[in-house]
file query.txt (compact mmCIF, C-alpha atoms)
# COMPACT_ATOMS: atom_id res chain seq x y z
CA MET E 1345 -12.02 -62.06 -53.66
CA HIS E 1346 -11.90 -63.50 -50.20
CA ILE E 1347 -12.25 -61.21 -47.19
CA ILE E 1348 -11.17 -62.26 -43.74
CA TYR E 1349 -10.89 -60.29 -40.55
CA TYR E 1350 -8.26 -60.06 -37.89
CA PRO E 1351 -7.74 -60.29 -34.92
CA ASP E 1352 -11.18 -61.78 -34.33
CA LEU E 1353 -9.95 -65.00 -35.88
CA ILE E 1354 -7.74 -65.76 -32.91
CA ASP E 1355 -10.06 -64.38 -30.27
CA LYS E 1356 -10.78 -67.17 -27.84
CA GLU E 1357 -14.30 -66.08 -27.03
CA GLU E 1358 -16.32 -66.42 -30.17
CA GLY E 1359 -18.18 -63.31 -31.26
CA ASN E 1360 -16.19 -61.02 -29.02
CA GLY E 1361 -13.59 -59.76 -31.44
CA PRO E 1362 -13.34 -56.04 -32.08
CA ILE E 1363 -14.49 -56.20 -35.71
CA ILE E 1364 -17.47 -58.43 -34.91
CA LYS E 1365 -18.41 -56.02 -32.11
CA PHE E 1366 -18.05 -53.06 -34.45
CA PHE E 1367 -20.37 -54.58 -37.05
CA LYS E 1368 -22.88 -55.61 -34.37
CA LYS E 1369 -23.02 -52.07 -33.07
CA LEU E 1370 -23.44 -50.74 -36.59
CA LYS E 1371 -26.23 -53.23 -37.32
CA ASP E 1372 -28.11 -52.21 -34.18
CA GLU E 1373 -28.16 -48.55 -35.18
CA ARG E 1374 -31.50 -47.24 -36.36
CA PRO E 1375 -31.75 -46.87 -39.27
CA PRO E 1376 -29.26 -49.63 -40.12
CA ALA E 1377 -28.57 -48.16 -43.58
CA LEU E 1378 -24.82 -48.01 -43.17
CA TRP E 1379 -24.51 -51.63 -42.05
CA VAL E 1380 -26.52 -52.74 -45.08
CA LEU E 1381 -24.36 -50.63 -47.39
CA VAL E 1382 -21.22 -52.18 -45.89
CA LYS E 1383 -22.65 -55.69 -46.30
CA THR E 1384 -23.73 -55.05 -49.90
CA THR E 1385 -20.37 -53.51 -50.78
CA LEU E 1386 -18.43 -56.43 -49.33
CA GLU E 1387 -20.69 -58.86 -51.18
CA LYS E 1388 -19.77 -57.01 -54.36
CA VAL E 1389 -16.08 -57.28 -53.49
CA GLU E 1390 -16.41 -61.00 -52.97
CA LYS E 1391 -17.86 -61.36 -56.46
CA SER E 1392 -15.08 -59.36 -58.11
CA SER E 1393 -11.62 -60.61 -58.96
CA ASN E 1394 -9.79 -57.46 -57.85
CA LEU E 1395 -10.35 -54.02 -56.34
CA ASP E 1396 -9.31 -52.00 -59.39
CA ASP E 1397 -12.82 -50.73 -60.12
CA LEU E 1398 -13.44 -49.67 -56.54
CA GLU E 1399 -10.06 -47.97 -56.43
CA ARG E 1400 -10.90 -46.02 -59.58
CA GLN E 1401 -14.29 -45.07 -58.16
CA GLY E 1402 -12.65 -43.73 -54.99
CA TRP E 1403 -13.93 -46.39 -52.58
CA VAL E 1404 -10.51 -47.95 -51.99
CA GLU E 1405 -7.34 -45.96 -51.45
CA ARG E 1406 -3.84 -46.83 -50.34
CA MET E 1407 -2.88 -44.75 -47.33
CA PRO E 1408 0.00 -42.78 -48.78
CA TYR E 1409 1.48 -41.43 -45.57
CA LEU E 1410 2.06 -44.87 -44.08
CA LYS E 1411 5.18 -46.95 -44.60
CA THR E 1412 3.11 -50.13 -44.53
CA SER E 1413 0.81 -51.25 -47.36
CA ILE E 1414 -2.44 -50.52 -45.63
CA TYR E 1415 -5.48 -49.58 -47.64
CA GLU E 1416 -8.58 -47.70 -46.65
CA PHE E 1417 -12.01 -48.92 -47.68
CA LYS E 1418 -14.35 -45.94 -47.68
CA ILE E 1419 -18.01 -46.81 -47.39
CA PRO E 1420 -19.26 -44.51 -48.80
CA PRO E 1421 -16.30 -42.44 -50.11
CA LYS E 1422 -17.59 -38.95 -49.31
CA LYS E 1423 -18.84 -37.61 -45.99
CA ARG E 1424 -22.40 -38.16 -45.01
CA LYS E 1425 -24.54 -36.59 -42.32
CA GLU E 1426 -25.19 -39.91 -40.59
CA GLY E 1427 -21.53 -40.93 -40.69
CA VAL E 1428 -19.35 -43.18 -42.81
CA VAL E 1429 -17.44 -46.41 -42.27
CA ARG E 1430 -13.73 -46.81 -42.82
CA LEU E 1431 -12.21 -50.28 -42.99
CA TYR E 1432 -8.43 -50.58 -42.87
CA PHE E 1433 -7.12 -53.63 -44.65
CA ALA E 1434 -4.09 -55.24 -46.24
CA TYR E 1435 -3.60 -57.94 -48.81
CA LYS E 1436 -2.73 -61.36 -47.45
CA LYS E 1437 0.92 -62.23 -47.99
CA ASN E 1438 1.43 -64.10 -51.27
CA ASP E 1439 -2.30 -64.02 -51.98
CA PRO E 1440 -3.60 -61.00 -53.91
CA ASN E 1441 -7.09 -62.48 -53.87
CA THR E 1442 -7.50 -62.24 -50.12
CA ILE E 1443 -7.76 -59.11 -48.06
CA ILE E 1444 -7.52 -58.98 -44.29
CA ILE E 1445 -9.57 -56.35 -42.50
CA LEU E 1446 -7.36 -55.14 -39.67
CA SER E 1447 -9.52 -52.49 -38.05
CA ALA E 1448 -12.72 -50.57 -38.62
CA GLU E 1449 -14.30 -47.37 -37.45
CA LYS E 1450 -17.28 -45.16 -37.99
CA LYS E 1451 -16.43 -41.58 -38.71
CA HIS E 1452 -18.72 -38.67 -38.27
CA GLY E 1453 -18.30 -35.27 -39.85
CA LYS E 1454 -18.66 -33.42 -36.57
CA ILE E 1455 -16.02 -35.42 -34.75
CA LYS E 1456 -12.40 -34.81 -35.57
CA ALA E 1457 -11.01 -38.21 -36.41
CA ASP E 1458 -7.93 -39.34 -34.55
CA ASN E 1459 -5.55 -41.89 -35.98
CA GLU E 1460 -6.10 -44.52 -33.31
CA LYS E 1461 -7.62 -47.10 -35.63
CA VAL E 1462 -4.99 -46.51 -38.29
CA LYS E 1463 -2.25 -47.09 -35.73
CA GLN E 1464 -4.08 -50.22 -34.60
CA ALA E 1465 -4.21 -51.41 -38.21
CA GLU E 1466 -0.48 -50.79 -38.59
CA GLN E 1467 0.24 -52.81 -35.47
CA ARG E 1468 -1.92 -55.70 -36.66
CA PHE E 1469 -0.35 -55.47 -40.10
CA LYS E 1470 3.03 -56.13 -38.49
CA GLU E 1471 1.58 -59.14 -36.69
CA VAL E 1472 0.03 -60.86 -39.67
CA CYS E 1473 1.29 -59.53 -42.94
CA LEU E 1474 5.04 -59.27 -42.53
CA MET H 27 4.88 -62.16 -34.45
CA LYS H 28 1.93 -63.65 -32.58
CA GLU H 29 0.21 -66.65 -34.10
CA ASN H 30 0.59 -67.44 -37.74
CA ILE H 31 -2.52 -66.24 -39.55
CA HIS H 32 -1.98 -68.73 -42.32
CA GLU H 33 -2.73 -71.54 -39.88
CA LEU H 34 -5.85 -69.91 -38.48
CA LYS H 35 -9.42 -70.72 -39.32
CA GLU H 36 -10.41 -68.31 -42.05
CA GLU H 37 -13.90 -67.12 -41.41
CA SER H 38 -14.81 -64.54 -43.98
CA VAL H 39 -16.37 -61.20 -43.15
CA LEU H 40 -19.38 -62.11 -45.25
CA GLU H 41 -20.00 -65.28 -43.24
CA MET H 42 -19.85 -63.17 -40.12
CA LEU H 43 -22.18 -60.51 -41.53
CA GLU H 44 -24.62 -63.16 -42.73
CA LYS H 45 -24.58 -64.73 -39.25
CA GLN H 46 -25.35 -61.32 -37.77
CA TYR H 47 -28.18 -60.84 -40.25
CA GLN H 48 -29.68 -64.25 -39.40
CA GLU H 49 -29.47 -63.51 -35.68
CA THR H 50 -31.30 -60.19 -35.91
CA ASP H 51 -34.88 -59.90 -34.67
CA ASP H 52 -35.83 -57.12 -37.03
CA LYS H 53 -34.90 -58.35 -40.51
CA ASN H 54 -37.43 -55.95 -42.07
CA ALA H 55 -35.34 -52.98 -40.96
CA LEU H 56 -32.31 -54.44 -42.74
CA ASP H 57 -34.24 -55.60 -45.80
CA TYR H 58 -35.67 -52.09 -46.16
CA TRP H 59 -32.21 -50.69 -46.95
CA GLU H 60 -30.90 -53.44 -49.18
CA PRO H 61 -32.44 -52.35 -52.50
CA ILE H 62 -31.18 -48.79 -52.19
CA SER H 63 -27.67 -50.01 -51.31
CA LYS H 64 -27.67 -52.20 -54.40
CA ILE H 65 -29.04 -49.44 -56.62
CA ILE H 66 -26.28 -47.10 -55.46
CA LEU H 67 -23.49 -49.60 -56.15
CA GLU H 68 -25.07 -50.61 -59.44
CA SER H 69 -25.44 -47.05 -60.71
CA ILE H 70 -21.82 -46.26 -59.80
CA GLU H 71 -20.71 -49.38 -61.66
CA LEU H 72 -22.76 -48.49 -64.74
CA ARG H 73 -21.62 -44.88 -64.69
CA ASP H 74 -18.01 -46.04 -64.41
CA ALA H 75 -18.47 -48.57 -67.23
CA LYS H 76 -19.78 -45.76 -69.43
CA ASN H 77 -16.83 -43.58 -68.44
CA MET H 78 -19.17 -40.90 -67.13
CA SER H 79 -18.29 -38.49 -64.37
CA GLN H 80 -20.85 -37.44 -61.80
CA THR H 81 -21.18 -34.18 -63.73
CA ASP H 82 -21.84 -36.04 -67.01
CA LEU H 83 -24.54 -38.07 -65.34
CA ALA H 84 -26.01 -34.96 -63.76
CA VAL H 85 -26.22 -33.29 -67.18
CA ALA H 86 -27.89 -36.39 -68.65
CA MET H 87 -30.38 -36.36 -65.81
CA ASN H 88 -30.89 -32.62 -65.94
CA THR H 89 -29.80 -32.14 -62.36
CA LYS H 90 -26.74 -30.99 -60.37
CA GLN H 91 -23.54 -32.92 -59.66
CA SER H 92 -24.11 -32.44 -55.92
CA VAL H 93 -27.41 -34.33 -56.20
CA ILE H 94 -25.61 -37.31 -57.78
CA SER H 95 -22.88 -37.14 -55.15
CA ARG H 96 -25.41 -37.10 -52.31
CA PHE H 97 -27.24 -40.06 -53.83
CA GLU H 98 -24.04 -42.09 -54.34
CA ASN H 99 -23.00 -41.45 -50.75
CA MET H 100 -26.39 -42.50 -49.42
CA GLY H 101 -27.11 -39.01 -48.24
CA ARG H 102 -30.31 -38.72 -50.21
CA LEU H 103 -33.11 -41.21 -50.68
CA PRO H 104 -34.22 -41.03 -54.31
CA ASN H 105 -37.84 -40.78 -55.31
CA TYR H 106 -39.37 -42.51 -58.33
CA ASP H 107 -38.62 -39.61 -60.64
CA PHE H 108 -34.92 -39.76 -59.75
CA ILE H 109 -34.70 -43.54 -60.21
CA ALA H 110 -36.50 -43.38 -63.55
CA ARG H 111 -34.28 -40.56 -64.86
CA LEU H 112 -31.21 -42.40 -63.59
CA SER H 113 -32.22 -45.54 -65.51
CA LEU H 114 -32.82 -43.57 -68.69
CA ALA H 115 -29.57 -41.63 -68.36
CA LEU H 116 -27.71 -44.93 -68.08
CA SER H 117 -29.45 -46.21 -71.24
CA HIS H 118 -31.88 -48.53 -69.56
CA SER H 119 -35.61 -48.41 -69.29
CA PRO H 120 -36.87 -48.24 -65.72
CA GLY H 121 -38.10 -51.44 -64.16
CA MET H 122 -39.69 -52.14 -60.87
CA THR H 123 -40.96 -55.18 -59.03
CA LEU H 124 -42.22 -56.04 -55.61
CA TYR H 125 -41.12 -59.62 -56.12
CA GLY H 126 -37.60 -59.08 -54.80
CA ASP H 127 -37.05 -62.77 -54.07
CA TYR H 128 -38.27 -63.84 -57.49
CA MET H 129 -36.69 -61.19 -59.61
CA ALA H 130 -34.51 -62.57 -62.39
CA VAL H 131 -31.30 -60.74 -62.96
CA VAL H 132 -28.99 -60.92 -65.94
CA PRO H 133 -25.46 -60.24 -64.72
CA LEU H 134 -23.87 -57.19 -66.28
CA GLU H 135 -21.16 -59.20 -68.05
CA LYS H 136 -23.75 -61.40 -69.83
CA GLN H 137 -26.07 -58.64 -70.94
CA GLY H 138 -24.25 -58.02 -74.21
CA PHE H 139 -24.46 -61.67 -75.19
CA ILE H 140 -28.16 -61.85 -74.32
CA LYS H 141 -28.83 -58.72 -76.36
CA GLU H 142 -27.05 -60.25 -79.37
CA LEU H 143 -29.21 -63.37 -79.16
CA ALA H 144 -32.37 -61.33 -78.77
CA ASP H 145 -31.43 -59.19 -81.79
CA LYS H 146 -31.00 -62.32 -83.89
CA GLU H 147 -34.52 -63.39 -82.93
CA ASN H 148 -35.71 -59.85 -83.59
CA ILE H 149 -37.35 -59.53 -80.19
CA SER H 150 -36.65 -57.33 -77.19
CA THR H 151 -34.13 -58.45 -74.59
CA LYS H 152 -36.86 -58.46 -71.98
CA LYS H 153 -39.05 -60.84 -74.00
CA TYR H 154 -36.06 -63.05 -74.83
CA VAL H 155 -35.06 -63.46 -71.21
CA GLN H 156 -38.67 -64.03 -70.18
CA ALA H 157 -38.84 -66.86 -72.75
CA ILE H 158 -35.61 -68.43 -71.44
CA LEU H 159 -36.93 -68.23 -67.91
CA ASP H 160 -40.29 -69.77 -68.84
CA GLN H 161 -38.50 -72.55 -70.71
CA GLY H 162 -36.17 -73.19 -67.79
CA ILE H 163 -39.01 -73.33 -65.26
CA THR H 164 -41.06 -75.65 -67.47
CA LEU H 165 -38.09 -77.95 -67.95
CA ARG H 166 -37.36 -78.00 -64.22
CA ARG H 167 -41.01 -78.75 -63.50
CA ASN H 168 -40.99 -81.64 -65.97
CA ILE H 169 -37.87 -83.08 -64.40
CA CYS H 170 -39.52 -82.90 -60.96
CA GLU H 171 -42.69 -84.59 -62.24
CA ASP H 172 -40.61 -87.22 -64.01
CA THR H 173 -38.68 -87.96 -60.85
CA GLN H 174 -41.90 -88.16 -58.84
CA ARG H 175 -43.36 -90.52 -61.43
CA ARG H 176 -40.25 -92.68 -61.29
CA ASP H 177 -40.42 -92.78 -57.51
CA ALA H 178 -44.11 -93.65 -57.58
CA ASN H 179 -43.51 -96.41 -60.13
CA THR H 180 -40.60 -97.78 -58.15
CA THR H 181 -42.73 -97.91 -55.02
CA LEU H 182 -45.54 -99.63 -56.87
CA GLU H 183 -43.09 -102.05 -58.41
CA THR H 184 -41.69 -102.87 -55.02
CA MET H 185 -45.14 -103.35 -53.56
CA LEU H 186 -46.37 -105.61 -56.33
CA ASN H 187 -42.98 -107.14 -56.89
CA LEU H 188 -43.35 -106.54 -60.63
CA ASP H 189 -40.63 -106.09 -63.20
CA PHE H 190 -40.17 -102.49 -64.19
CA THR H 191 -38.65 -101.35 -67.47
CA GLU H 192 -37.31 -98.04 -68.67
CA ASP H 193 -40.18 -97.85 -71.20
CA ASP H 194 -42.65 -97.43 -68.39
CA VAL H 195 -41.25 -94.02 -67.68
CA ILE H 196 -42.63 -91.34 -69.95
CA PRO H 197 -39.77 -89.63 -71.75
CA LEU H 198 -39.33 -86.02 -70.78
CA GLN H 199 -40.07 -84.60 -74.22
CA ARG H 200 -43.39 -86.47 -74.46
CA ILE H 201 -44.82 -84.96 -71.32
CA LYS H 202 -47.40 -82.44 -72.39
CA THR H 203 -46.80 -79.15 -70.69
CA ASN H 204 -49.54 -77.10 -69.26
CA GLU H 205 -49.10 -73.66 -70.78
CA SER H 206 -50.87 -71.92 -67.94
CA TYR H 207 -48.19 -73.08 -65.54
CA PRO H 208 -45.84 -71.71 -64.34
CA PRO H 209 -47.26 -68.26 -63.83
CA LYS H 210 -45.53 -65.41 -65.58
CA VAL H 211 -42.55 -64.27 -63.64
CA THR H 212 -42.23 -60.55 -63.16
CA LEU H 213 -38.97 -59.40 -64.56
CA ALA H 214 -36.82 -56.42 -63.91
CA LEU H 215 -33.65 -57.05 -65.76
CA ALA H 216 -30.18 -55.83 -66.33
CA THR H 217 -28.89 -55.52 -62.81
CA PRO H 218 -25.91 -57.56 -61.67
CA TYR H 219 -27.45 -58.02 -58.25
CA GLN H 220 -30.27 -60.21 -57.11
CA GLY H 221 -33.12 -59.36 -54.89
CA SER H 222 -33.32 -55.62 -55.04
CA GLY H 223 -36.77 -54.14 -55.17
CA PHE H 224 -35.87 -51.77 -57.94
CA SER H 225 -33.80 -52.27 -60.98
CA LEU H 226 -32.23 -50.30 -63.75
CA ALA H 227 -34.02 -52.58 -66.13
CA SER H 228 -33.45 -53.06 -69.82

call {"tool": "encode", "arguments": {"input": "query.txt", "output": "C-alpha cells"}}
result
Amino acid sequence: MHIIYYPDLIDKEEGNGPIIKFFKKLKDERPPALWVLVKTTLEKVEKSSNLDDLERQGWVERMPYLKTSIYEFKIPPKKRKEGVVRLYFAYKKNDPNTIIILSAEKKHGKIKADNEKVKQAEQRFKEVCL
Amino acid sequence: MKENIHELKEESVLEMLEKQYQETDDKNALDYWEPISKIILESIELRDAKNMSQTDLAVAMNTKQSVISRFENMGRLPNYDFIARLSLALSHSPGMTLYGDYMAVVPLEKQGFIKELADKENISTKKYVQAILDQGITLRRNICEDTQRRDANTTLETMLNLDFTEDDVIPLQRIKTNESYPPKVTLALATPYQGSGFSLAS
C-alpha cells in the first residue's frame, strides 16, 4: 500500500507541515520507542496489499460515530504508560491502495483526549477526499 | 475544495520518516528500538495467522494474558526467557544474532515452500537455507571475479592492441571456488522482517 500525508504536501515551506512536525517531535522524545514503532508499523503497511489483517488485530478501526469514512490507526492499540499514537486517515478516492494520513496525535492515559484532531481530520477529508 | 490532491507531489510517509531517520544525530537511540518493534509486530502476525487469542498464547507460554497484552503494546520489554518461550509457543525455535545487517530472513509467505524443499532433501530448514545462501554468495562472488577478469583482459587488450576472444575468459562453472570463502553467515530465520537483532527463528 502507498501512504501519503496531507496537508504537508501542499505546504509551501518544506518540512514545516503539521504531520512532519508531529513525527519530528515524536522522534526527538527520549526514548524514541514510539516513533520507531510507528515507522516499523507503516513499513509493514507499505508491504501489505490491504489493511484487513491490521483491522482484525485491532490496529485499524473505522470511526463509527463519524459521517465521513475516516479511520483510526492505533499504534499500539491499547493504552500504554508512555503514551500512544493515533493517526487519522482515509482512503484516496478511487484508489483503495493508497491511504492519506490527515492528522496525527499522541495520546496519553492521564490526559483526557479532546476531539480536536478528529475534527481536523474531518475538515481535511472534505478538502481532499470528496 | 482547495487544491486538487491528485495533482500534488505524492511524497510518502515512509520517505519522510526515512529522511527524518537519516537526519538524526543519534541513530543508535533509534536502532536500539527497532528489533523490539519488529518482534512485536511479527509475534502479533504469527499469533493471528495461527488464530490464537492473547489468552491462548498466554496459556502456551505459561503466563497471563495481561503479560502478552503489555508486551504487544510495547509496555513491557521482554527478557530472553520471554522471547524464547514466545518463539516456542509460536512453533519456532529461538534464534538470535548480533549481525542485524547481515541476517537472512525468509519471508513468512515463502516459509512453507522452503520447508517443503528442505523436507524433500531430508535436512532441516535452517541448513537448507544456509546452503542456498552459501551457493548464492559463491555465485555472486564468481560473477564479480569474472567481471573483474574481463575488465582486466579488456584493459590489457587495449594496451597491447591484441585481439581478444571469448575463449580467453574462463567460463563461470570452471572457476574453482575456495570453500573457505565466504565465511559462514549467521542465520536467524523465519521472520518476515529484515535487520532485527532477534528473531523467532525456525

call {"tool": "closest_residue", "arguments": {"input": "query.txt", "among": "H:Thr164, H:Gln80, H:Ser69, H:Asn99", "to": "chain E", "atoms": "all atoms listed in the file"}}
result
H:Asn99

call {"tool": "atom_distance", "arguments": {"input": "query.txt", "atom1": "atom CA of H:Phe108", "atom2": "atom CA of E:Leu1381"}}
result
19.6 Å

call {"tool": "interface_residues", "arguments": {"input": "query.txt", "of": "chain E", "to": "chain H", "cutoff": "7 Å", "atoms": "only C-alpha atoms", "output": "CSV table (one decimal) with C-alpha atoms, in the frame of the given file"}}
result
chain,number,residue,atom,x,y,z
E,1346,HIS,CA,-11.9,-63.5,-50.2
E,1347,ILE,CA,-12.2,-61.2,-47.2
E,1348,ILE,CA,-11.2,-62.3,-43.7
E,1349,TYR,CA,-10.9,-60.3,-40.6
E,1353,LEU,CA,-10.0,-65.0,-35.9
E,1376,PRO,CA,-29.3,-49.6,-40.1
E,1377,ALA,CA,-28.6,-48.2,-43.6
E,1380,VAL,CA,-26.5,-52.7,-45.1
E,1381,LEU,CA,-24.4,-50.6,-47.4
E,1383,LYS,CA,-22.6,-55.7,-46.3
E,1384,THR,CA,-23.7,-55.0,-49.9
E,1387,GLU,CA,-20.7,-58.9,-51.2
E,1420,PRO,CA,-19.3,-44.5,-48.8
E,1421,PRO,CA,-16.3,-42.4,-50.1
E,1422,LYS,CA,-17.6,-39.0,-49.3
E,1424,ARG,CA,-22.4,-38.2,-45.0
E,1425,LYS,CA,-24.5,-36.6,-42.3
E,1471,GLU,CA,1.6,-59.1,-36.7
E,1472,VAL,CA,0.0,-60.9,-39.7

call {"tool": "closest_residue", "arguments": {"input": "query.txt", "among": "E:Lys1437, E:Lys1368, E:Arg1374, E:Lys1418", "to": "E:Lys1451", "atoms": "all atoms listed in the file"}}
result
E:Lys1418

call {"tool": "atom_distance", "arguments": {"input": "query.txt", "atom1": "atom CA of E:Arg1406", "atom2": "atom CA of E:Phe1433"}}
result
9.5 Å

call {"tool": "atom_distance", "arguments": {"input": "query.txt", "atom1": "atom CA of E:Ile1414", "atom2": "atom CA of E:Ala1448"}}
result
12.4 Å

call {"tool": "decode", "arguments": {"input": "query.txt", "residues": "stretch 88-110 of chain H", "atoms": "N, CA and C atoms", "output": "PDB file, in the first residue's frame"}}
result
ATOM      1  N   ASN H  88       2.630 -20.271  29.376  1.00  0.00           N
ATOM      2  CA  ASN H  88       2.521 -20.421  30.822  1.00  0.00           C
ATOM      3  C   ASN H  88       2.638 -19.071  31.539  1.00  0.00           C
ATOM      4  N   THR H  89       1.878 -18.127  31.020  1.00  0.00           N
ATOM      5  CA  THR H  89       1.876 -16.800  31.648  1.00  0.00           C
ATOM      6  C   THR H  89       0.453 -16.234  31.614  1.00  0.00           C
ATOM      7  N   LYS H  90       0.310 -14.942  31.913  1.00  0.00           N
ATOM      8  CA  LYS H  90      -1.034 -14.340  31.948  1.00  0.00           C
ATOM      9  C   LYS H  90      -1.294 -13.547  30.664  1.00  0.00           C
ATOM     10  N   GLN H  91      -2.583 -13.395  30.340  1.00  0.00           N
ATOM     11  CA  GLN H  91      -2.968 -12.638  29.147  1.00  0.00           C
ATOM     12  C   GLN H  91      -2.485 -11.184  29.246  1.00  0.00           C
ATOM     13  N   SER H  92      -2.508 -10.641  30.466  1.00  0.00           N
ATOM     14  CA  SER H  92      -2.100  -9.238  30.640  1.00  0.00           C
ATOM     15  C   SER H  92      -0.624  -9.040  30.280  1.00  0.00           C
ATOM     16  N   VAL H  93       0.166 -10.085  30.495  1.00  0.00           N
ATOM     17  CA  VAL H  93       1.603 -10.001  30.163  1.00  0.00           C
ATOM     18  C   VAL H  93       1.762  -9.890  28.639  1.00  0.00           C
ATOM     19  N   ILE H  94       0.978 -10.705  27.923  1.00  0.00           N
ATOM     20  CA  ILE H  94       1.022 -10.673  26.449  1.00  0.00           C
ATOM     21  C   ILE H  94       0.545  -9.307  25.963  1.00  0.00           C
ATOM     22  N   SER H  95      -0.532  -8.819  26.552  1.00  0.00           N
ATOM     23  CA  SER H  95      -1.088  -7.536  26.142  1.00  0.00           C
ATOM     24  C   SER H  95      -0.069  -6.417  26.361  1.00  0.00           C
ATOM     25  N   ARG H  96       0.574  -6.444  27.517  1.00  0.00           N
ATOM     26  CA  ARG H  96       1.584  -5.400  27.799  1.00  0.00           C
ATOM     27  C   ARG H  96       2.722  -5.470  26.794  1.00  0.00           C
ATOM     28  N   PHE H  97       3.149  -6.681  26.473  1.00  0.00           N
ATOM     29  CA  PHE H  97       4.240  -6.858  25.510  1.00  0.00           C
ATOM     30  C   PHE H  97       3.825  -6.339  24.124  1.00  0.00           C
ATOM     31  N   GLU H  98       2.622  -6.705  23.690  1.00  0.00           N
ATOM     32  CA  GLU H  98       2.168  -6.315  22.348  1.00  0.00           C
ATOM     33  C   GLU H  98       1.919  -4.815  22.228  1.00  0.00           C
ATOM     34  N   ASN H  99       1.716  -4.161  23.368  1.00  0.00           N
ATOM     35  CA  ASN H  99       1.513  -2.709  23.333  1.00  0.00           C
ATOM     36  C   ASN H  99       2.777  -1.955  23.749  1.00  0.00           C
ATOM     37  N   MET H 100       3.866  -2.622  23.697  1.00  0.00           N
ATOM     38  CA  MET H 100       5.185  -2.061  24.000  1.00  0.00           C
ATOM     39  C   MET H 100       5.263  -1.487  25.406  1.00  0.00           C
ATOM     40  N   GLY H 101       4.503  -2.084  26.291  1.00  0.00           N
ATOM     41  CA  GLY H 101       4.527  -1.598  27.665  1.00  0.00           C
ATOM     42  C   GLY H 101       5.480  -2.399  28.529  1.00  0.00           C
ATOM     43  N   ARG H 102       6.087  -3.412  27.938  1.00  0.00           N
ATOM     44  CA  ARG H 102       6.965  -4.277  28.719  1.00  0.00           C
ATOM     45  C   ARG H 102       8.100  -4.726  27.803  1.00  0.00           C
ATOM     46  N   LEU H 103       9.316  -4.545  28.255  1.00  0.00           N
ATOM     47  CA  LEU H 103      10.445  -5.015  27.460  1.00  0.00           C
ATOM     48  C   LEU H 103      10.723  -6.464  27.835  1.00  0.00           C
ATOM     49  N   PRO H 104      10.662  -7.371  26.884  1.00  0.00           N
ATOM     50  CA  PRO H 104      10.815  -8.789  27.227  1.00  0.00           C
ATOM     51  C   PRO H 104      12.260  -9.161  27.517  1.00  0.00           C
ATOM     52  N   ASN H 105      12.437 -10.113  28.393  1.00  0.00           N
ATOM     53  CA  ASN H 105      13.787 -10.630  28.618  1.00  0.00           C
ATOM     54  C   ASN H 105      13.982 -11.880  27.744  1.00  0.00           C
ATOM     55  N   TYR H 106      15.142 -12.489  27.845  1.00  0.00           N
ATOM     56  CA  TYR H 106      15.433 -13.634  26.979  1.00  0.00           C
ATOM     57  C   TYR H 106      14.426 -14.764  27.187  1.00  0.00           C
ATOM     58  N   ASP H 107      14.100 -15.020  28.437  1.00  0.00           N
ATOM     59  CA  ASP H 107      13.180 -16.107  28.763  1.00  0.00           C
ATOM     60  C   ASP H 107      11.836 -15.895  28.047  1.00  0.00           C
ATOM     61  N   PHE H 108      11.362 -14.665  28.050  1.00  0.00           N
ATOM     62  CA  PHE H 108      10.081 -14.373  27.407  1.00  0.00           C
ATOM     63  C   PHE H 108      10.176 -14.603  25.896  1.00  0.00           C
ATOM     64  N   ILE H 109      11.239 -14.084  25.291  1.00  0.00           N
ATOM     65  CA  ILE H 109      11.419 -14.216  23.830  1.00  0.00           C
ATOM     66  C   ILE H 109      11.497 -15.696  23.440  1.00  0.00           C
ATOM     67  N   ALA H 110      12.264 -16.457  24.224  1.00  0.00           N
ATOM     68  CA  ALA H 110      12.447 -17.875  23.916  1.00  0.00           C
ATOM     69  C   ALA H 110      11.114 -18.621  24.036  1.00  0.00           C
TER      70      ALA H 110
END
